[in-house]
Amino acid sequence: MILNSVEVMFGGQAGDGSLTTGDLIAGVFKRMGLEVYTYKDFPSRIRGGHTNYVIRASEHQNYGMADAVDALVAFDLEAVEAHIEEMRPGGFVVFDNTSETIPDDLRRDDVTWYEIPLAKIAKEQLGLELVRNTISLGVLGALIGMDPEIIRNDVRGVYQRKGEKVVDLNMRAIEAGESYVLEHFADRPSGYGLVAGDDGDRLIMMGNDAIAYGALVAGCRFMAGYPITPATDVLEWMSKQLPKFGGVVVQAEDELAAITMTLGAAFAGVRAMTATSGPGQALMTEAIGLAGVLEIPVVVIECARTGPSTGMPTKTEQSNLNHLIYSGHGEIPRVVLAPGTVHESFEIAVTAFNLAEKYQVPVFILTEQALCQSKATLAPLDVEAVEIDRGKLIDSGEVVFGEYKRFAFTEDGVSPRVIPGVPGGMHLAPGSEHNDAGVITENPRNRARMMEKRMGKLVSMRDDLPNAVLHGIADADIAIVGYGANRGPIAEAVQRLAAGGVLTRFLQLRTLWPFPEDDIRAFVRGAQHVFVVENNYTGQLMQLIRAVVGPLDALHGVRKYDGRPFRPIEIIDAVLETAGLTLRRAQGDIAQGDAAAEVV
Amino acid sequence: MILNSVEVMFGGQAGDGSLTTGDLIAGVFKRMGLEVYTYKDFPSRIRGGHTNYVIRASEHQNYGMADAVDALVAFDLEAVEAHIEEMRPGGFVVFDNTSETIPDDLRRDDVTWYEIPLAKIAKEQLGLELVRNTISLGVLGALIGMDPEIIRNDVRGVYQRKGEKVVDLNMRAIEAGESYVLEHFADRPSGYGLVAGDDGDRLIMMGNDAIAYGALVAGCRFMAGYPITPATDVLEWMSKQLPKFGGVVVQAEDELAAITMTLGAAFAGVRAMTATSGPGQALMTEAIGLAGVLEIPVVVIECARTGPSTGMPTKTEQSNLNHLIYSGHGEIPRVVLAPGTVHESFEIAVTAFNLAEKYQVPVFILTEQALCQSKATLAPLDVEAVEIDRGKLIDSGEVVFGEYKRFAFTEDGVSPRVIPGVPGGMHLAPGSEHNDAGVITENPRNRARMMEKRMGKLVSMRDDLPNAVLHGIADADIAIVGYGANRGPIAEAVQRLAAGGVLTRFLQLRTLWPFPEDDIRAFVRGAQHVFVVENNYTGQLMQLIRAVVGPLDALHGVRKYDGRPFRPIEIIDAVLETAGLTLRRAQGDIAQGDAAAEVV
Amino acid sequence: MTATLTPKDFATATPSWWCPGCGDFGVLSALKQAMAELGKQPKDVAFVSGIGCSGKISGYLHSYAFHGVHGRALPVASAIKLANRDLTVIAAGGDGDGYAIGAGHFVHAVRRNIDMTYIVMDNQTYGLTKGQSSPTSATGYVASVSPDGNPDTPLNGLALALAAGATFVARGFSAQPKQMVAMIKAAVEHRGFSIVEVMSPCVTYNKINTYAWFKENVEDVTAREDYAPNDRAAAFAALMREGDIPLGIIYKEDRPTFEDRTGLPETPIARLDLNAARERFTAMQAAYR
Amino acid sequence: MTATLTPKDFATATPSWWCPGCGDFGVLSALKQAMAELGKQPKDVAFVSGIGCSGKISGYLHSYAFHGVHGRALPVASAIKLANRDLTVIAAGGDGDGYAIGAGHFVHAVRRNIDMTYIVMDNQTYGLTKGQSSPTSATGYVASVSPDGNPDTPLNGLALALAAGATFVARGFSAQPKQMVAMIKAAVEHRGFSIVEVMSPCVTYNKINTYAWFKENVEDVTAREDYAPNDRAAAFAALMREGDIPLGIIYKEDRPTFEDRTGLPETPIARLDLNAARERFTAMQAAYR
Ligand SMILES: Cc1ncc(C[n+]2csc(CCOP(=O)(O)OP(=O)(O)O)c2C)c(N)n1
Ligand SMILES: Cc1ncc(C[n+]2csc(CCOP(=O)(O)OP(=O)(O)O)c2C)c(N)n1
Ligand code: SF4
Ligand code: SF4
Ligand SMILES: [Mg+2]
Ligand SMILES: [Mg+2]
């Protein structure tokens with residue numbers, strides 16, 4: 001049987017509590033010492049509509065889903081219809097047959113079926129239909145060997161504040177689930193098993209929380225935002241925490257206000273940010289140009305979702321990289337950073353604030369639904385290691401009026417920056433072109449010089465930008481480029497291809513603008529094939545790479561634009577097919593999902 | 001002396017009436033049978049502040065300024081200070097010395113100085129300082145030989161509605177100017193002369209007027225806009241004309257409203273447009289995505305100015321091509337067209353509306369201050385030749401409800417489009433992803449198919465897009481690429497380089513998106529040097545070209561980002577320097593500004 | 001088409017995405033009822049909605065429906081009306097859509113007075129984004145983004161409309177269908193911009209402003225015989241009075257519409273022959289000779 | 001710094017870009033006078049303006065001045081105040097900047113009631129873009145974009161503010177400096193969001209609402225002894241009355257500010273030590289174990 005590697009999918013209707021149970025399962029897996037990654041696929045509505053929650057457990061962190069679902073817990077037929085094809089042969093389905101039955105055409109015979117009247121048991125034995133979630137938890141636990149004690153502790157932890165009666169009810173629900181399995185399926189093992197290990201000193205965190213936490217630690221004390229999926233988490237997190245640290249959060253009337261408030265706070269000397277997604281980002285376009293010309297440090301978090309327009313608001317995509325890099329009239333220096341893991345989400349949030357203030361530019365943190373709303377296990381975050389570099393900020397003492405020039409021309413293009421309240425620093429900060437003192441002028445020579453000063457910062461900042469991470473075998477013939485949430489599935493594909501005898505190298509970009517031309521040039525050199533993996537239709541990253549290395553025949557786009565993240569096998573297949581290779585070891589063996597899983 | 005080739009610059013303070021006089025001069029030149037191009041350089045304020053108006057007359061239309069100013073009419077010292085360096089050796093200055101005198105360091109001795117107390121004469125002899133403009137007209141006329149009769153007719157034409165007294169006053173002003181020259185400078189010829197020819201059947205029109213007129217002729221009957229320089233002209237023109245043709249113009253509360261109103265009108269079946277500039281364009285970003293996903297035909301005119309942010313609002317630039325192509329979250333099919341002349345402004349306006357409706361996509365017309373606010377002489381516009389193609393529009397009859405699908409999948413990606421009022425066509429047009437009937441769905445297969453349907457239109461439209469225009473010698477080793485207002489100075493440079501023995505070819509792009517990859521590939525092939533001429537800092541067009549042909553060593557950027565348009569000599573020099581060439585005929589001979597000017 | 005219409009004629013096949021018990025159901029059925037009683041044909045109705053739970057309503061009314069971007073329902077709807085004045089144009093959206101991101105358009109649509117109707121479905125929260133405070137949330141309202149309570153003073157959308165020069169201002173409650181139907185009919189028949197704000201409880205997130213709470217707090221002003229809906233200042237005072245929430249047609253006035261003032265022709269612009277007037281176009285070039 | 005200040009202390013070296021006679025000159029000098037009389041130090045004044053002729057005013061007041069994008073002066077200024085509550089924050093802009101593109105922010109800045117002052121320089125036209133109709137232009141006002149006359153009903157910004165819950169509403173006239181100075185001082189001293197609308201004639205484009213015209217039409221309400229500026233409905237009625245243009249402090253009320261309601265600490269956020277509380281940060285990770 002397969003040990004310590006399972007991908008569970010919880011499928012039901014939005015608002016039926018499956019998210020809570022999903023989180024519980026993730027917690028139990030973690031406490032059993034396993035690495036966990038979760039992915040939420042819910043509709044853009046509050047109650048009803050198919051939703052599913054994927055929880056993957058393995059011995060090594062893969063930061064992504066496996067090739068297929070091992071265990072589908074389906075609360076209704078719709079869940080089976082929607083996902084039966086995604087099941088791995090040998091996997092199993094737990095189905096609530098209280099009111100529906102599985103039609104034959106859906107009844108795959110290469111998966112094991114556990115049909116249990118969950119709702120019925122919940123109502124009749126426990127008197128509350130809602131607890132069928134907890135029952136299913138007991139069922140799943142018994143089938144794959146989740147530690148009964150840990151399950152009970154965690155469930156207690158979640159329901160404690162609702163009182164002992166509720167806790168007790170849920171305890172009995174777990175019990176009911178477990179015993180049902182014992183009674184009915186003793187002869188039908190699931191084929192999956194977990195070996196309890198040591199939880200150790202680890203966290204389980206969502207990408208958005210890691211960014212928000214990073215921002216707080218980095219000294220962000222002002223946030224203005226307008227709710228929008230999947231960025232609202234950040235606004236909510238900051239609303240709870242900032243006031244505790246002397247800061248403030250403003251729920252703005254729209255994104256035009258959110259971004260201009262962020263500029264105002266930053267102008268006044270506070271590390272400030274806003275967070276939004278595509279539609280809101282579009283509305284912030286004009287103000288970003290103002291931040292650029294006024295050299296105001298702001299951090300803007302983009303939690304990307306599926307466009308265009310309202311698109312599929314709760315789904316993932318990488319289709320606004322172009323917007324972050326190119327939008328707006330006129331040209332400004334700007335930075336676009338993209339974390340690939342929850343841990344990097346924290347680190348990059350910190351870096352973003354330092355870069356913003358050191359170079360007085362707007363910095364975007366580009367993340368996406370499949371990363372920012374996904375949870376993963378990770379080592380504790382090192383707060384002590386965080387260094388705050390405020391650059392040429394003058395927030396105390398005084399400057400000599402007349403001598404001091406806010407937009408002074410300097411070597412690195414960065415001018416000393418006073419904040420209101422500092423004696424002698426009074427000046428005008430105008431969105432119109434201005435001279436070094438901030439006086440508006442249309443003089444052509446000054447204009448050219450100011451453009452050179454501002455844009456020059458893109459060069460002076462080079463050494464401070466997050467480097468690209470090389471995965472796999474440095475001199476392999478096959479190269480892969482990608483960023484963000486694709487870091488997980490690509491890295492896993494690389495690992496498994498290697499296990500299968502196909503060597504590849506993968507460059508994970510973390511700085512997307514200024515575009516790491518040298519890294520790309522060096523990385524692509526000598527590669528027989530270069531695969532550019534991205535979640536969009538037009539190949540935005542590919543276009544950037546082509547401008548650097550030319551439209552080489554060796555460049556291949558691997559794209560997905562259906563709102564769903566990549567599964568490793570999709571990348572493996574694309575590579576093998578294009579490169580005309582097959583794996584030395586048969587696909588089946590390694591399609592296992594966790595390269596490190598032992599097959600007993 | 002130099003015949004029929006003169007560039008006059010009128011320099012004074014904003015709001016002092018020099019614009020009126022500049023227009024008058026342009027008109028007189030035209031009526032004398034010459035080709036005229038004008039360029040306005042005014043500050044972003046209403047009264048005061050240096051402003052200048054350039055009027056160039058030549059025997060062939062150059063659509064741009066010459067290398068240097070021949071005749072500077074300076075109403076104050078500031079005008080001399082600002083422009084004396086731009087004067088051509090051999091040129092002349094008319095200076096109003098009523099209250100200021102020329103300091104020696106400015107007194108170039110290679111130009112002729114005509115110092116006249118214009119204001120004094122105006123006040124003392126005519127009793128109104130303002131008429132010094134008209135006096136200067138008489139002075140200029142006498143110096144370069146403008147037809148006195150035509151001058152008088154045109155001046156009468158302009159002031160008629162103000163009554164005979166005003167007309168008479170201005171007549172005496174012209175008189176005063178002419179006689180002053182006769183009395184004082186009979187011995188000092190300007191070195192320039194004009195030979196009155198036949199005006200013929202020609203127009204003189206501003207780029208913005210040509211676009212607005214084209215839109216009207218193309219059937220545009222709704223416009224919503226918000227004032228912004230240099231796009232306001234279009235809004236003003238349409239406000240006067242549309243009501244006469246059953247249409248309506250709405251002055252919106254902001255650009256967010258302007259663009260969404262435009263979408264609404266187009267959805268209802270009216271050819272609709274809006275016009276704006278950078279800052280407003282930035283605010284329209286989100287709604288453009290909606291037009292893309294709802295497949296609503298809208299035309300958006302971008303009259304580009306100098307950014308970023310407020311930048312230099314009255315100056316020219318080509319720095320938001322990237323924005324028009326790449327802005328917005330998610331990917332939509334869109335078209336970006338760029339006229340290079342006033343005549344093309346008319347034609348492309350017509351094409352834009354046909355493309356928009358035939359392919360149900362947003363179409364941008366990209367023009368810029370140096371073109372849209374410049375006047376030029378041109379042949380009459382052929383209205384009869386205009387064809388209106390509304391594509392798959394169903395605006396009458398009826399469709400069968402249930403069978404009809406607004407977003408039906410078709411060969412060319414374009415679906416039959418009903419408008420409200422048509423029986424049976426009722427449907428939902430949602431910004432969310434939807435199926436062919438307009439029902440919102442997050443099904444991955446439908447999503448992928450819808451993306452392919454919409455984006456596929458970029459391919460099906462290829463043959464209908466305005467072609468790129470080849471200027472110069474088709475097989476020359478030196479190639480130049482450019483668009484928009486640079487069409488003039490580049491084409492002139494090409495001509496003059498040829499006259500000097502250096503052969504070049506110039507590809508003027510008129511469709512910028514979908515990017516004409518094949519044309520570029522074919523054009524660049526075999527070129528020793530490829531110069532990409534554009535008015536911005538980062539080389540936006542260059543970046544697009546690099547993505548197609550690679551970062552060739554042969555690619556050279558010729559860029560200007562000081563808010564001023566190119567003069568031909570800047571391009572000539574860049575080409576010669578980089579290519580390490582010199583002209584067979586000495587620079588001086590051909591730097592003449594009008595390749596066709598005879599040098600007597 | 002001549003057969004009398006019923007609400008069913010305005011039903012769509014699409015199942016609603018609202019939570020059971022959501023106030024928006026009441027708004028939708030009242031709207032269907034009103035359309036049927038007014039004898040409108042679905043083909044002649046343009047229905048524009050914003051983004052939000054409320055915004056989904058455009059998917060459930062059989063008509064030419066437009067589900068645009070957040071906060072821009074009014075400019076879209078205004079232009080549809082100008083483009084084809086034969087259509088009955090209705091816009092609808094939430095309190096966030098209309099009074100937060102859409103506040104600027106709201107004020108200007110009101111003063112433009114184009115002949116159309118705007119329905120604001122007010123649940124005093126941002127439903128679709130999971131219950132944050134909205135412009136109409138009470139001060140102190142505790143939500144995910146205001147854990148310590150909403151610090152802002154609630155916005156009175158109807159008072160705002162009066163200040164902006166509204167010519168028809170009414171408020172209903174989604175649990176009182178009869179009054180809503182009557183109000184929507186009067187609004188649609190009003191010549192000019194009419195606004196109907198409907199208290200539409202969010203049963204999932206707003207645990208304060210519930211059906212029960214509203215039943216306690218609403219008051220039908222039209223019931224008071226001393227109330228005359230033609231005095232702007234009095235209407236303002238009524239709306240501003242602390243305590244109860246006035247329902248009914250609160251203000252009504254006849255004033256020239258945007259169409260009147262611009263002399264918009266009777267022929268809908270959408271019906272014009274674009275190829276007419278060619279020679280007039282050519283003649284215009286004289287001005288540039 | 002202790003020496004008493006004069007308007008000169010708030011002057012900049014930059015020459016103004018306004019037309020001779022522009023009403024904005026009056027606003028600027030009243031503002032300098034008020035700042036001097038209030039004893040504010042230029043270093044402690046943050047002055048944010050919009051885009052327009054009026055918007056250029058930030059370049060002429062010696063202070064920490066921010067000349068942003070069109071229509072967004074209020075959010076910028078609001079955040080500056082929250083970031084450093086020790087600053088005196090003033091925003092200024094035109095009728096287009098504040099009531100057209102900025103209308104949404106205006107309404108929300110008012111209801112948020114942050115302790116700052118907003119000066120609207122109303123010339124009833126878009127000056128900088130050469131005289132189009134603005135939200136406050138009279139119906140029928142003829143301009144380049146409304147050759148047949150402005151079809152819209154003028155917007156009463158102060159009435160709008162009252163409807164949005166304003167706590168300080170005043171109007172001045174740039175030809176009456178004394179009153180303006182007093183009003184601006186009262187506004188700055190008001191605890192909360194104060195709005196001062198100043199009638200500031202555009203001598204170049206607006207040939208209707210001239211100085212002469214205003215002298216004819218303005219009326220000082222505070223002069224009427226029956227007028228008490230503490231009744232919102234009465235203030236609304238006064239503002240809405242046809243005919244004359246009321247000047248003076250039209251409404252004033254004490255209400256908790258945004259700062260009060262959010263319990264914003266007295267220490268300006270801009271002065272916080274960002275490296276403090278490291279161990280508290282680490283402790284927070286427990287929640288994720
Ligand atoms: C530009 C933009 N910003 C934010 C969002 C996210 N969003 C969707 S609906 C909504 C508000 C919903 O509140 P309301 O208008 O009151 O509608 P309700 O759901 O309460 O009916 C928001 C903020 C968006 N879709 N677009
Ligand atoms: C986003 C944007 N749209 C349009 C403009 C052009 N613009 C500059 S000032 C202005 C309006 C000026 O009117 P107002 O605010 O009343 O100021 P005034 O010039 O009358 O003092 C406009 C539309 C702009 N700068 N930015
Ligand atoms: S969340 Fe609230 S507003 Fe949205 S559908 Fe549910 S009940 Fe209605
Ligand atoms: S145009 Fe009008 S508002 Fe602008 S500066 Fe001149 S007078 Fe003042
Ligand atoms: Mg709501
Ligand atoms: Mg104004």
# chains A, B, ... in the order shown; residues from 1 in each chain; ligands from 1
$ select_by_dssp --residues "stretch 191-370 of chain B" --states "helix (DSSP H, G or I)" --output "ChimeraX atom specification"
/B:207-217,232-245,255-267,278-283,285-294,321-326,342-359,369-370
$ interface_residues --of "chain B" --to "chain C" --cutoff "6 Å" --atoms "only C-alpha atoms" --output "list in words"
Leu203, Ile204, Gly219, Ala257, Thr260, Met261, Gly264, Ala265, Ala268, Gly269, Val270, Pro420, Gly421, Pro423, Met426, His427, Leu428, Ala429, Pro430 and Gly431 of chain B
$ write_last_selection --atoms "all heavy atoms" --output "CSV table (one decimal), in the first residue's frame"
chain,number,residue,atom,x,y,z
B,203,LEU,N,-7.6,71.0,-48.5
B,203,LEU,CA,-8.1,71.4,-47.2
B,203,LEU,C,-6.9,71.7,-46.3
B,203,LEU,O,-5.8,71.2,-46.6
B,203,LEU,CB,-8.9,70.2,-46.6
B,203,LEU,CG,-9.9,69.5,-47.4
B,203,LEU,CD1,-10.4,68.3,-46.7
B,203,LEU,CD2,-11.0,70.5,-47.8
B,204,ILE,N,-7.1,72.3,-45.2
B,204,ILE,CA,-6.1,72.4,-44.1
B,204,ILE,C,-6.9,72.0,-42.9
B,204,ILE,O,-7.9,72.6,-42.5
B,204,ILE,CB,-5.5,73.8,-44.0
B,204,ILE,CG1,-4.4,73.7,-42.9
B,204,ILE,CG2,-6.5,74.9,-43.8
B,204,ILE,CD1,-3.4,74.9,-43.0
B,219,GLY,N,-20.2,56.7,-39.2
B,219,GLY,CA,-21.4,56.4,-38.5
B,219,GLY,C,-21.4,56.5,-37.0
B,219,GLY,O,-22.4,56.0,-36.4
B,257,ALA,N,-16.8,56.8,-16.3
B,257,ALA,CA,-18.2,56.9,-16.8
B,257,ALA,C,-18.1,57.0,-18.3
B,257,ALA,O,-18.9,56.4,-19.0
B,257,ALA,CB,-18.9,58.1,-16.2
B,260,THR,N,-17.6,53.5,-19.8
B,260,THR,CA,-18.7,52.6,-19.6
B,260,THR,C,-19.9,53.1,-20.3
B,260,THR,O,-20.8,52.3,-20.8
B,260,THR,CB,-18.9,52.3,-18.1
B,260,THR,OG1,-18.9,53.6,-17.4
B,260,THR,CG2,-17.9,51.4,-17.5
B,261,MET,N,-20.1,54.4,-20.5
B,261,MET,CA,-21.2,54.9,-21.3
B,261,MET,C,-21.0,54.5,-22.8
B,261,MET,O,-22.0,54.0,-23.4
B,261,MET,CB,-21.3,56.4,-21.2
B,261,MET,CG,-21.9,57.0,-20.0
B,261,MET,SD,-21.7,58.8,-19.9
B,261,MET,CE,-22.6,59.1,-18.4
B,264,GLY,N,-22.1,51.0,-23.1
B,264,GLY,CA,-23.6,50.9,-23.0
B,264,GLY,C,-24.2,51.3,-24.4
B,264,GLY,O,-25.0,50.5,-24.9
B,265,ALA,N,-23.7,52.4,-25.0
B,265,ALA,CA,-24.3,52.8,-26.3
B,265,ALA,C,-24.0,51.8,-27.3
B,265,ALA,O,-24.9,51.4,-28.2
B,265,ALA,CB,-23.7,54.2,-26.7
B,268,ALA,N,-26.1,48.8,-27.1
B,268,ALA,CA,-27.5,49.1,-27.6
B,268,ALA,C,-27.5,49.2,-29.1
B,268,ALA,O,-28.6,49.5,-29.7
B,268,ALA,CB,-28.0,50.3,-27.0
B,269,GLY,N,-26.3,49.1,-29.8
B,269,GLY,CA,-26.3,49.1,-31.2
B,269,GLY,C,-25.9,50.3,-31.9
B,269,GLY,O,-26.0,50.5,-33.1
B,270,VAL,N,-25.4,51.3,-31.2
B,270,VAL,CA,-24.9,52.6,-31.8
B,270,VAL,C,-23.4,52.5,-31.9
B,270,VAL,O,-22.7,52.1,-31.0
B,270,VAL,CB,-25.3,53.8,-30.9
B,270,VAL,CG1,-24.8,55.1,-31.4
B,270,VAL,CG2,-26.9,53.8,-30.9
B,420,PRO,N,-30.7,45.2,-28.2
B,420,PRO,CA,-31.9,45.2,-27.5
B,420,PRO,C,-33.1,45.7,-28.4
B,420,PRO,O,-32.8,46.6,-29.2
B,420,PRO,CB,-31.6,46.2,-26.4
B,420,PRO,CG,-30.2,46.1,-26.1
B,420,PRO,CD,-29.6,45.9,-27.5
B,421,GLY,N,-34.2,45.1,-28.3
B,421,GLY,CA,-35.3,45.4,-29.1
B,421,GLY,C,-35.6,44.4,-30.1
B,421,GLY,O,-36.8,44.2,-30.6
B,423,PRO,N,-36.7,40.9,-31.3
B,423,PRO,CA,-37.5,39.8,-30.6
B,423,PRO,C,-36.6,38.5,-30.6
B,423,PRO,O,-35.9,38.2,-31.6
B,423,PRO,CB,-38.7,39.7,-31.5
B,423,PRO,CG,-38.8,41.0,-32.2
B,423,PRO,CD,-37.4,41.5,-32.4
B,426,MET,N,-33.1,38.0,-26.4
B,426,MET,CA,-32.9,38.3,-25.0
B,426,MET,C,-31.8,37.4,-24.4
B,426,MET,O,-31.8,36.2,-24.7
B,426,MET,CB,-34.1,38.2,-24.1
B,426,MET,CG,-35.2,39.2,-24.4
B,426,MET,SD,-36.0,39.0,-26.0
B,426,MET,CE,-37.0,37.6,-25.6
B,427,HIS,N,-30.8,38.0,-23.7
B,427,HIS,CA,-29.7,37.2,-23.1
B,427,HIS,C,-29.0,38.0,-22.1
B,427,HIS,O,-29.3,39.2,-21.9
B,427,HIS,CB,-28.7,36.8,-24.2
B,427,HIS,CG,-28.0,38.0,-24.8
B,427,HIS,ND1,-28.5,38.7,-25.8
B,427,HIS,CD2,-26.8,38.5,-24.5
B,427,HIS,CE1,-27.7,39.7,-26.1
B,427,HIS,NE2,-26.6,39.6,-25.3
B,428,LEU,N,-28.2,37.3,-21.3
B,428,LEU,CA,-27.3,38.0,-20.4
B,428,LEU,C,-25.9,38.2,-21.0
B,428,LEU,O,-25.4,37.3,-21.5
B,428,LEU,CB,-27.2,37.2,-19.1
B,428,LEU,CG,-26.2,37.7,-18.0
B,428,LEU,CD1,-26.7,39.1,-17.5
B,428,LEU,CD2,-26.0,36.7,-16.9
B,429,ALA,N,-25.4,39.4,-20.9
B,429,ALA,CA,-24.0,39.7,-21.3
B,429,ALA,C,-23.3,39.9,-20.0
B,429,ALA,O,-23.4,41.0,-19.4
B,429,ALA,CB,-24.0,40.9,-22.2
B,430,PRO,N,-22.5,38.9,-19.5
B,430,PRO,CA,-21.8,39.0,-18.2
B,430,PRO,C,-20.3,39.2,-18.4
B,430,PRO,O,-19.7,38.5,-19.2
B,430,PRO,CB,-22.2,37.7,-17.6
B,430,PRO,CG,-22.4,36.7,-18.7
B,430,PRO,CD,-22.6,37.5,-20.0
B,431,GLY,N,-19.8,40.0,-17.5
B,431,GLY,CA,-18.3,40.2,-17.5
B,431,GLY,C,-17.6,38.9,-16.9
B,431,GLY,O,-16.4,38.8,-17.0
$ residues_near_ligand --ligand "ligand 1" --cutoff "9 Å" --atoms "only C-alpha atoms and all ligand atoms" --output "count of residues only"
58
$ interface_residues --of "chain A" --to "chain B" --cutoff "7 Å" --atoms "only C-alpha atoms" --output "PyMOL selection string"
chain A and resi 278-279+282-283+285-286+289-290+293+306-312+319-320+322-323+326-332+431-433+442+444-445+447-448+543+546-551+561-563
$ atom_distance --atom1 "atom CA of A:Glu253" --atom2 "atom CA of D:Phe193"
16.5 Å
$ select_by_dssp --residues "stretch 40-245 of chain C" --states "strand (DSSP E)" --output "PyMOL selection string"
chain C and resi 45-49+64-67+88-94+116-122+168-173+193-199+218-220+245
$ interface_residues --of "chain D" --to "chain C" --cutoff "7 Å" --atoms "only C-alpha atoms" --output "tab-separated table (two decimals) with C-alpha atoms, in the first residue's frame"
chain	number	residue	atom	x	y	z
D	103	ALA	CA	-17.44	63.14	-6.19
D	104	GLY	CA	-17.20	59.63	-4.78
D	111	ARG	CA	-18.69	60.69	6.25
D	112	ARG	CA	-15.31	59.44	7.46
D	151	PRO	CA	-28.22	70.08	-20.04
D	152	ASP	CA	-27.51	69.11	-16.43
D	153	THR	CA	-28.80	70.49	-13.16
D	155	LEU	CA	-24.68	70.16	-8.25
D	156	ASN	CA	-24.86	71.71	-4.81
D	159	ALA	CA	-25.95	70.13	0.23
D	160	LEU	CA	-24.29	66.91	-0.84
D	163	ALA	CA	-26.53	64.63	3.12
D	164	ALA	CA	-23.29	62.68	3.56
D	233	ALA	CA	-32.43	70.08	7.78
D	236	PHE	CA	-30.17	71.95	3.74
D	237	ALA	CA	-33.24	74.11	3.14
D	258	PHE	CA	-12.41	58.62	12.46
D	261	ARG	CA	-13.63	55.81	16.59
D	262	THR	CA	-10.58	53.78	15.56
$ residues_around --residues "B:Glu129" --least-positions-apart "6" --cutoff "10 Å" --atoms "only C-alpha atoms" --output "PyMOL selection string"
chain B and resi 118-123
$ atom_distance --atom1 "atom CA of A:Gly438" --atom2 "atom CA of A:Ser415"
11.7 Å
$ atom_distance --atom1 "atom CA of B:Thr134" --atom2 "atom CA of B:Phe75"
12.1 Å
$ residues_around --residues "B:Val93" --least-positions-apart "4" --cutoff "8 Å" --atoms "only C-alpha atoms" --output "list in words"
Ala71, Leu72, Val73, Ala74, Val111, Thr112, Trp113, Tyr114 and Glu115 of chain B
$ residues_around --residues "A:Leu355" --least-positions-apart "2" --cutoff "12 Å" --atoms "only C-alpha atoms" --output "ChimeraX atom specification"
/A:218,271,296-299,333-337,348-353,357-365,387-392,414,457-458,460-466,511
$ closest_atom_pairs --of "chain A" --to "ligand 3" --cutoff "9 Å" --atoms "only C-alpha atoms and all ligand atoms" --output "CSV"
residue,atom,partner,partner_atom_place_in_ligand_line,distance
A:Arg45,CA,ligand 3,5 (S),7.2
A:Ile46,CA,ligand 3,1 (S),5.3
A:Arg47,CA,ligand 3,6 (Fe),6.5
